[in-house]
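Next up, protein-v3.cif (mmCIF, C-alpha atoms):
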data_structure
#
loop_
_atom_site.label_atom_id
_atom_site.label_comp_id
_atom_site.auth_asym_id
_atom_site.auth_seq_id
_atom_site.Cartn_x
_atom_site.Cartn_y
_atom_site.Cartn_z
CA MET A 579 10.78 -32.54 -29.51
CA ALA A 580 7.77 -34.82 -29.07
CA GLN A 581 4.59 -33.80 -30.85
CA PRO A 582 2.02 -32.41 -28.38
CA THR A 583 -1.36 -34.13 -28.05
CA ALA A 584 -4.91 -32.91 -27.46
CA ILE A 585 -8.15 -34.85 -27.01
CA VAL A 586 -11.55 -33.43 -27.92
CA PHE A 587 -14.71 -35.11 -26.62
CA GLY A 588 -17.90 -34.48 -28.59
CA ALA A 589 -16.66 -33.57 -32.06
CA GLY A 590 -19.61 -34.84 -34.07
CA ALA A 591 -20.61 -32.33 -36.73
CA ARG A 592 -17.92 -31.51 -39.28
CA ARG A 593 -18.85 -27.84 -38.93
CA GLY A 594 -19.28 -27.68 -35.18
CA ILE A 595 -17.36 -26.44 -32.16
CA GLY A 596 -15.56 -29.70 -31.43
CA ALA A 597 -14.37 -30.15 -35.00
CA ALA A 598 -13.25 -26.52 -35.21
CA VAL A 599 -11.25 -26.87 -31.99
CA ALA A 600 -9.62 -30.03 -33.32
CA ARG A 601 -8.62 -28.23 -36.53
CA ARG A 602 -7.28 -25.24 -34.61
CA PHE A 603 -4.97 -27.30 -32.42
CA ALA A 604 -3.86 -29.42 -35.39
CA ARG A 605 -2.88 -26.18 -37.11
CA GLU A 606 -0.43 -25.59 -34.28
CA GLY A 607 1.19 -28.98 -34.86
CA TYR A 608 -0.82 -31.00 -32.35
CA HIS A 609 -1.84 -34.60 -32.73
CA VAL A 610 -5.56 -34.45 -32.01
CA ILE A 611 -7.63 -37.39 -30.81
CA VAL A 612 -11.11 -36.66 -32.14
CA THR A 613 -13.86 -38.47 -30.26
CA GLY A 614 -17.59 -38.78 -30.71
CA ARG A 615 -20.39 -41.32 -30.72
CA THR A 616 -20.69 -41.60 -34.51
CA LEU A 617 -17.54 -42.94 -36.14
CA ALA A 618 -18.40 -41.74 -39.66
CA LYS A 619 -18.71 -38.13 -38.46
CA ILE A 620 -15.44 -37.97 -36.56
CA GLU A 621 -13.64 -39.70 -39.42
CA GLN A 622 -14.73 -36.79 -41.63
CA VAL A 623 -13.10 -34.37 -39.17
CA VAL A 624 -9.89 -36.41 -39.18
CA ALA A 625 -9.87 -36.51 -42.99
CA GLN A 626 -10.28 -32.75 -43.09
CA ILE A 627 -7.27 -32.31 -40.79
CA ALA A 628 -5.20 -34.75 -42.86
CA ALA A 629 -6.07 -32.86 -46.04
CA SER A 630 -4.91 -29.58 -44.48
CA GLY A 631 -1.39 -30.92 -44.00
CA CYS A 632 -1.21 -29.43 -40.50
CA GLY A 633 -0.66 -31.57 -37.44
CA SER A 634 -2.27 -35.00 -37.34
CA ALA A 635 -5.43 -36.59 -36.00
CA GLU A 636 -7.08 -39.90 -35.24
CA ALA A 637 -10.71 -40.86 -34.74
CA LEU A 638 -11.78 -42.63 -31.57
CA GLN A 639 -15.40 -43.66 -31.10
CA VAL A 640 -16.41 -42.72 -27.57
CA ASP A 641 -19.70 -42.26 -25.74
CA ALA A 642 -18.69 -39.66 -23.15
CA THR A 643 -21.50 -40.77 -20.84
CA ASP A 644 -19.89 -44.21 -20.51
CA GLU A 645 -17.26 -44.26 -17.76
CA SER A 646 -15.28 -47.20 -19.15
CA GLN A 647 -15.09 -45.62 -22.62
CA VAL A 648 -13.88 -42.28 -21.19
CA ILE A 649 -11.18 -44.04 -19.17
CA ALA A 650 -10.06 -45.98 -22.25
CA ALA A 651 -9.92 -42.75 -24.27
CA PHE A 652 -7.58 -41.22 -21.69
CA ASP A 653 -5.43 -44.36 -21.76
CA ARG A 654 -4.92 -43.62 -25.44
CA ALA A 655 -4.48 -39.86 -24.95
CA MET A 656 -1.74 -40.33 -22.38
CA SER A 657 0.10 -42.90 -24.53
CA PRO A 658 -0.49 -41.56 -28.06
CA GLY A 659 2.42 -43.36 -29.71
CA PRO A 660 6.10 -42.87 -30.51
CA SER A 661 7.38 -39.29 -30.74
CA ARG A 662 4.16 -37.95 -29.22
CA ALA A 663 3.80 -36.41 -25.78
CA PRO A 664 0.91 -37.28 -23.43
CA ALA A 665 -2.09 -35.02 -23.87
CA ASP A 666 -1.86 -31.59 -22.27
CA VAL A 667 -5.18 -30.31 -23.66
CA VAL A 668 -8.59 -31.81 -22.88
CA VAL A 669 -11.80 -30.37 -24.33
CA SER A 670 -15.21 -31.50 -23.08
CA ASN A 671 -17.71 -30.48 -25.76
CA SER A 672 -20.52 -33.04 -25.44
CA GLY A 673 -23.98 -31.49 -25.48
CA ASN A 674 -27.50 -31.56 -26.87
CA ASN A 675 -30.41 -29.15 -26.82
CA ALA A 676 -34.11 -28.98 -27.63
CA ARG A 677 -37.09 -26.96 -26.50
CA LEU A 678 -39.41 -29.19 -24.46
CA ASP A 679 -42.58 -28.25 -22.60
CA PHE A 680 -41.93 -28.75 -18.89
CA THR A 681 -45.24 -30.48 -18.18
CA GLU A 682 -44.57 -32.93 -21.01
CA LEU A 683 -40.92 -33.53 -20.07
CA SER A 684 -40.39 -37.15 -19.06
CA ALA A 685 -38.00 -38.27 -16.35
CA THR A 686 -36.07 -40.22 -18.96
CA GLN A 687 -35.64 -37.13 -21.15
CA PHE A 688 -34.49 -35.03 -18.21
CA GLU A 689 -31.94 -37.66 -17.23
CA ASP A 690 -30.70 -38.05 -20.81
CA PHE A 691 -30.01 -34.31 -21.11
CA TRP A 692 -28.26 -34.33 -17.74
CA ARG A 693 -26.09 -37.31 -18.72
CA VAL A 694 -24.89 -35.63 -21.91
CA GLY A 695 -24.74 -32.03 -20.64
CA CYS A 696 -23.32 -32.58 -17.16
CA TYR A 697 -22.42 -36.17 -16.29
CA ALA A 698 -20.21 -36.56 -19.38
CA GLY A 699 -18.32 -33.42 -18.35
CA PHE A 700 -17.82 -34.84 -14.86
CA LEU A 701 -16.38 -38.08 -16.26
CA VAL A 702 -14.04 -36.23 -18.62
CA GLY A 703 -13.02 -33.67 -15.99
CA ARG A 704 -12.36 -36.24 -13.29
CA GLU A 705 -10.26 -38.43 -15.56
CA ALA A 706 -8.38 -35.40 -16.89
CA ALA A 707 -7.50 -34.37 -13.33
CA ARG A 708 -6.35 -37.87 -12.47
CA ARG A 709 -4.03 -38.02 -15.48
CA LEU A 710 -2.73 -34.43 -15.57
CA LEU A 711 -2.17 -33.75 -11.86
CA PRO A 712 0.96 -35.94 -11.67
CA LEU A 713 2.34 -33.91 -14.59
CA ALA A 714 1.44 -30.59 -12.91
CA ARG A 715 0.35 -29.05 -16.21
CA GLY A 716 -2.47 -29.04 -18.72
CA THR A 717 -5.57 -27.23 -19.95
CA ILE A 718 -9.12 -28.52 -19.49
CA VAL A 719 -11.87 -26.61 -21.30
CA PHE A 720 -15.60 -27.21 -20.90
CA THR A 721 -18.09 -25.97 -23.50
CA GLY A 722 -20.94 -24.32 -21.62
CA ALA A 723 -23.99 -22.29 -22.53
CA SER A 724 -25.98 -19.26 -21.42
CA GLY A 725 -28.40 -21.80 -19.96
CA SER A 726 -25.88 -22.31 -17.16
CA LEU A 727 -26.72 -18.76 -15.98
CA ARG A 728 -30.48 -18.62 -16.56
CA GLY A 729 -33.30 -21.04 -17.22
CA LYS A 730 -35.52 -19.98 -20.12
CA PRO A 731 -39.04 -21.27 -20.75
CA GLY A 732 -38.93 -24.69 -22.36
CA PHE A 733 -35.31 -25.34 -21.42
CA ALA A 734 -35.37 -26.44 -17.76
CA HIS A 735 -33.71 -29.76 -18.62
CA PHE A 736 -30.93 -28.05 -20.59
CA ALA A 737 -30.33 -25.28 -18.04
CA ALA A 738 -30.14 -27.75 -15.16
CA ALA A 739 -27.50 -29.81 -16.96
CA LYS A 740 -25.40 -26.83 -18.02
CA ALA A 741 -25.59 -25.18 -14.60
CA GLY A 742 -24.27 -28.40 -13.12
CA LEU A 743 -21.43 -28.50 -15.63
CA ARG A 744 -20.50 -24.92 -14.76
CA MET A 745 -20.21 -25.84 -11.08
CA VAL A 746 -18.03 -28.85 -11.92
CA ALA A 747 -15.69 -26.54 -13.84
CA GLN A 748 -15.59 -23.93 -11.06
CA SER A 749 -14.87 -26.48 -8.36
CA MET A 750 -12.12 -28.08 -10.42
CA ALA A 751 -10.53 -24.72 -11.16
CA ARG A 752 -10.42 -23.77 -7.49
CA GLU A 753 -9.10 -27.15 -6.43
CA TYR A 754 -6.49 -27.74 -9.10
CA GLY A 755 -5.44 -24.35 -10.43
CA SER A 756 -2.69 -23.98 -7.83
CA GLN A 757 -1.44 -27.42 -8.87
CA GLY A 758 -0.86 -26.35 -12.47
CA LEU A 759 -4.13 -27.26 -14.18
CA HIS A 760 -5.89 -24.50 -16.11
CA VAL A 761 -9.62 -25.27 -15.99
CA ALA A 762 -11.84 -23.01 -18.08
CA HIS A 763 -15.58 -22.85 -18.77
CA VAL A 764 -16.72 -21.22 -22.02
CA ILE A 765 -20.28 -19.86 -22.13
CA VAL A 766 -21.55 -20.00 -25.70
CA ASP A 767 -24.38 -17.45 -25.80
CA GLY A 768 -26.26 -17.48 -29.07
CA GLY A 769 -26.81 -19.62 -32.11
CA VAL A 770 -23.78 -21.37 -33.55
CA PHE A 771 -23.28 -21.15 -37.32
CA GLY A 772 -22.72 -24.85 -37.85
CA ASP A 773 -24.21 -27.94 -39.43
CA ARG A 774 -26.87 -28.49 -36.76
CA LEU A 775 -28.42 -25.04 -36.85
CA GLN A 776 -28.26 -24.80 -40.61
CA ALA A 777 -30.16 -28.06 -40.89
CA ALA A 778 -32.69 -27.30 -38.14
CA SER A 779 -33.35 -23.58 -38.69
CA PRO A 780 -32.22 -22.37 -42.13
CA LYS A 781 -34.58 -19.38 -41.97
CA ARG A 782 -33.06 -18.23 -38.68
CA VAL A 783 -29.58 -18.45 -40.19
CA GLU A 784 -30.70 -16.38 -43.18
CA HIS A 785 -32.47 -13.82 -40.98
CA LEU A 786 -29.49 -13.18 -38.68
CA GLY A 787 -27.05 -12.77 -41.55
CA ALA A 788 -23.30 -12.29 -41.42
CA ASP A 789 -21.84 -12.28 -37.92
CA GLY A 790 -25.28 -12.71 -36.38
CA LEU A 791 -24.32 -16.20 -35.28
CA LEU A 792 -21.24 -17.52 -33.50
CA ASP A 793 -18.66 -18.70 -36.03
CA VAL A 794 -17.16 -22.04 -35.00
CA ASP A 795 -13.64 -21.08 -36.05
CA ALA A 796 -13.86 -17.88 -34.01
CA ILE A 797 -14.94 -19.93 -30.99
CA ALA A 798 -12.03 -22.32 -31.55
CA GLU A 799 -9.61 -19.39 -31.64
CA ASN A 800 -10.67 -18.54 -28.10
CA TYR A 801 -10.00 -22.11 -26.96
CA TRP A 802 -6.48 -21.86 -28.33
CA THR A 803 -6.01 -18.50 -26.58
CA LEU A 804 -7.12 -20.02 -23.27
CA HIS A 805 -4.53 -22.75 -23.63
CA ARG A 806 -1.77 -20.26 -24.37
CA GLN A 807 -2.51 -17.91 -21.46
CA PRO A 808 0.37 -17.25 -19.03
CA LYS A 809 -0.13 -18.67 -15.52
CA SER A 810 -0.10 -15.14 -14.11
CA ALA A 811 -3.40 -14.31 -15.87
CA TRP A 812 -5.61 -17.34 -16.32
CA THR A 813 -9.26 -17.04 -17.38
CA GLN A 814 -11.65 -19.39 -15.58
CA GLU A 815 -14.83 -18.34 -17.36
CA LEU A 816 -15.24 -16.77 -20.76
CA ASP A 817 -18.52 -15.82 -22.39
CA LEU A 818 -18.83 -15.52 -26.17
CA ARG A 819 -21.70 -14.11 -28.21
CA PRO A 820 -22.21 -12.47 -31.61
CA TYR A 821 -22.47 -8.68 -31.54
CA LYS A 822 -26.16 -8.84 -32.50
CA GLU A 823 -27.13 -11.14 -29.62
CA VAL A 824 -29.57 -9.66 -27.10
CA TRP A 825 -28.35 -10.41 -23.60
#

Once you've parsed the file, please lay out its structure as structure tokens.
Amino acid sequence: MAQPTAIVFGAGARRGIGAAVARRFAREGYHVIVTGRTLAKIEQVVAQIAASGCGSAEALQVDATDESQVIAAFDRAMSPGPSRAPADVVVSNSGNNARLDFTELSATQFEDFWRVGCYAGFLVGREAARRLLPLARGTIVFTGASGSLRGKPGFAHFAAAKAGLRMVAQSMAREYGSQGLHVAHVIVDGGVFGDRLQAASPKRVEHLGADGLLDVDAIAENYWTLHRQPKSAWTQELDLRPYKEVW
């Protein structure tokens, strides 16, 4: 049988959600196309997968806010080489976050957060639908955030982008679910125990302690579960948080 293929958009940090998802699908024998804006970072993820001896992976430098680059990435994902099947898993994981005072927020900053947090998801989702609909199968997962449900002080730009992404996922799920595409939106509620948070807030990581933050491998396990769900019981939205998170 042909080796299955998955493509993950936004797999920058080696210990981050995108990289963990790539490793999880590789563990199941997938060939994973690992994309991100910084080639050196995604090459580290690919090397990690190669060292594990499970599945296979390749690095593809992609800015998910660039329409032509997203289209080219899907060209590769749907023709991944001999003995490999076209991609049946698409993960949109691009995102950024920062606390910014609303009165100091520039129009350029607002647009930049929207482009990464929402527009990139639209480009990936639209192209995924175009490619997978003729096959009448496939899983498309969007990484969301609690900001998609509520806007907290200092995060209007982030909440607006993530709320938009959530609506893209919902609309796609309602339009294409009956045609065989499983579209899911995962709300990540809480700090993620990964490279970014450890570098930015080491004291917060220490304070919260074991299981006080979302483990990236635990998040990735849920992505795999979503892909494996029977058609009779599909999840459209899943929210994940550590047991200590106040919500």

For Glu689 in chain A, list every protein, DNA or RNA residue within 12 Å, evaluated using all atoms listed in the file, and leave out those in the same chain fewer than 2 positions away; present the list as a count of residues only.
19

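Residue nearest Val702 in chain A, chosen from A:Ala597, A:Val669, A:Leu818, A:Ile627 and counting all atoms listed in the file: A:Val669.
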
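The smallest atom-to-atom distance between Glu636 in chain A and any of A:Ala655, A:Ile620, A:Ala591, A:Ile611, using only C-alpha atoms, is found for A:Ile611.
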
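Here CA of Gly631 in chain A and CA of Ile718 in chain A stand 25.8 Å from one another.
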
Can you pull out the residues contacting Gly614 in chain A? Cut-off 12 Å, using only C-alpha atoms, and skip same-chain residues under 5 positions away; I want them as number ranges by chain.
A: 585-592, 596-597, 619-624, 636-644, 647-648, 651, 670-673, 694, 698

Would you put the residues from that selection into a file with C-alpha atoms, as an mmCIF file, in the frame of the given file?
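Output file result27.cif is given in full below:
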data_model
loop_
_atom_site.group_PDB
_atom_site.id
_atom_site.type_symbol
_atom_site.label_atom_id
_atom_site.label_comp_id
_atom_site.auth_asym_id
_atom_site.auth_seq_id
_atom_site.Cartn_x
_atom_site.Cartn_y
_atom_site.Cartn_z
ATOM 1 C CA ILE A 585 -8.150 -34.850 -27.010
ATOM 2 C CA VAL A 586 -11.550 -33.430 -27.920
ATOM 3 C CA PHE A 587 -14.710 -35.110 -26.620
ATOM 4 C CA GLY A 588 -17.900 -34.480 -28.590
ATOM 5 C CA ALA A 589 -16.660 -33.570 -32.060
ATOM 6 C CA GLY A 590 -19.610 -34.840 -34.070
ATOM 7 C CA ALA A 591 -20.610 -32.330 -36.730
ATOM 8 C CA ARG A 592 -17.920 -31.510 -39.280
ATOM 9 C CA GLY A 596 -15.560 -29.700 -31.430
ATOM 10 C CA ALA A 597 -14.370 -30.150 -35.000
ATOM 11 C CA LYS A 619 -18.710 -38.130 -38.460
ATOM 12 C CA ILE A 620 -15.440 -37.970 -36.560
ATOM 13 C CA GLU A 621 -13.640 -39.700 -39.420
ATOM 14 C CA GLN A 622 -14.730 -36.790 -41.630
ATOM 15 C CA VAL A 623 -13.100 -34.370 -39.170
ATOM 16 C CA VAL A 624 -9.890 -36.410 -39.180
ATOM 17 C CA GLU A 636 -7.080 -39.900 -35.240
ATOM 18 C CA ALA A 637 -10.710 -40.860 -34.740
ATOM 19 C CA LEU A 638 -11.780 -42.630 -31.570
ATOM 20 C CA GLN A 639 -15.400 -43.660 -31.100
ATOM 21 C CA VAL A 640 -16.410 -42.720 -27.570
ATOM 22 C CA ASP A 641 -19.700 -42.260 -25.740
ATOM 23 C CA ALA A 642 -18.690 -39.660 -23.150
ATOM 24 C CA THR A 643 -21.500 -40.770 -20.840
ATOM 25 C CA ASP A 644 -19.890 -44.210 -20.510
ATOM 26 C CA GLN A 647 -15.090 -45.620 -22.620
ATOM 27 C CA VAL A 648 -13.880 -42.280 -21.190
ATOM 28 C CA ALA A 651 -9.920 -42.750 -24.270
ATOM 29 C CA SER A 670 -15.210 -31.500 -23.080
ATOM 30 C CA ASN A 671 -17.710 -30.480 -25.760
ATOM 31 C CA SER A 672 -20.520 -33.040 -25.440
ATOM 32 C CA GLY A 673 -23.980 -31.490 -25.480
ATOM 33 C CA VAL A 694 -24.890 -35.630 -21.910
ATOM 34 C CA ALA A 698 -20.210 -36.560 -19.380
#

At a cut-off of 10 Å, can you tabulate as a Markdown table every residue of range 657-677 of chain A near range 787-808 of chain A together with its closest atom pair and the distance in Å to one decimal, using all atoms listed in the file and ordering rows by chain then number?
| residue | atom | partner | partner_atom | distance |
| --- | --- | --- | --- | --- |
| A:Asp666 | CA | A:His805 | CA | 9.3 |
| A:Val667 | CA | A:His805 | CA | 7.6 |
| A:Val668 | CA | A:His805 | CA | 10.0 |
| A:Val669 | CA | A:Tyr801 | CA | 8.9 |

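Residues matched by the PyMOL selection byres ((chain A and resi 741-746) around 8) in this file: Gly695, Cys696, Tyr697, Gly699, Phe700, Phe720, Gly722, Gly725, Ser726, Leu727, Ala737, Ala738, Ala739, Lys740, Ala747, Gln748, Ser749, Met750 and His763 of chain A.
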
Using the selection just defined, write its residues with C-alpha atoms as a compact mmCIF listing (two decimals), in the coordinates of the input.
# COMPACT_ATOMS: atom_id res chain seq x y z
CA GLY A 695 -24.74 -32.03 -20.64
CA CYS A 696 -23.32 -32.58 -17.16
CA TYR A 697 -22.42 -36.17 -16.29
CA GLY A 699 -18.32 -33.42 -18.35
CA PHE A 700 -17.82 -34.84 -14.86
CA PHE A 720 -15.60 -27.21 -20.90
CA GLY A 722 -20.94 -24.32 -21.62
CA GLY A 725 -28.40 -21.80 -19.96
CA SER A 726 -25.88 -22.31 -17.16
CA LEU A 727 -26.72 -18.76 -15.98
CA ALA A 737 -30.33 -25.28 -18.04
CA ALA A 738 -30.14 -27.75 -15.16
CA ALA A 739 -27.50 -29.81 -16.96
CA LYS A 740 -25.40 -26.83 -18.02
CA ALA A 747 -15.69 -26.54 -13.84
CA GLN A 748 -15.59 -23.93 -11.06
CA SER A 749 -14.87 -26.48 -8.36
CA MET A 750 -12.12 -28.08 -10.42
CA HIS A 763 -15.58 -22.85 -18.77

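Distance-wise, CA of Pro582 in chain A and CA of Arg662 in chain A end up 6.0 Å apart.
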
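The nearest approach to Ser756 in chain A among the residues A:Cys632, A:Trp812, A:Leu786, A:Met656, with all atoms listed in the file taken into account, belongs to A:Trp812.
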
Have a look at CA of Asp679 in chain A and CA of Gly732 in chain A and let me know their distance in Å, one decimal.
5.1 Å

Which residue gives the smallest distance to Ala584 in chain A among A:Arg752, A:His609, A:Arg601, A:Arg819, with only C-alpha atoms counted?
A:His609

Find the spatial neighbours of Phe733 in chain A, counting all atoms listed in the file, within a cut-off of 9 Å - ignore same-chain residues fewer than 6 positions away - and output them as a list in words.
Asn675, Ala676, Arg677, Leu678, Asp679, Phe680 and Gly725 of chain A

Please determine, counting only C-alpha atoms, which residue among A:Ala723, A:Ser646, A:Val770, A:Arg728 has the shortest atom-to-atom distance to Ala598 in chain A.
A:Val770

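Of the listed residues (A:Arg704, A:Lys809, A:Lys822, A:Arg602), A:Arg704 comes nearest to Glu753 in chain A; the distances count only C-alpha atoms.
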
Evaluated on this file, the PyMOL selection byres ((chain A and resi 814) around 8) picks out some residues - which ones are they, written as an NGL selection string?
:A and (748 or 751 or 760-763 or 812-813 or 815-816)
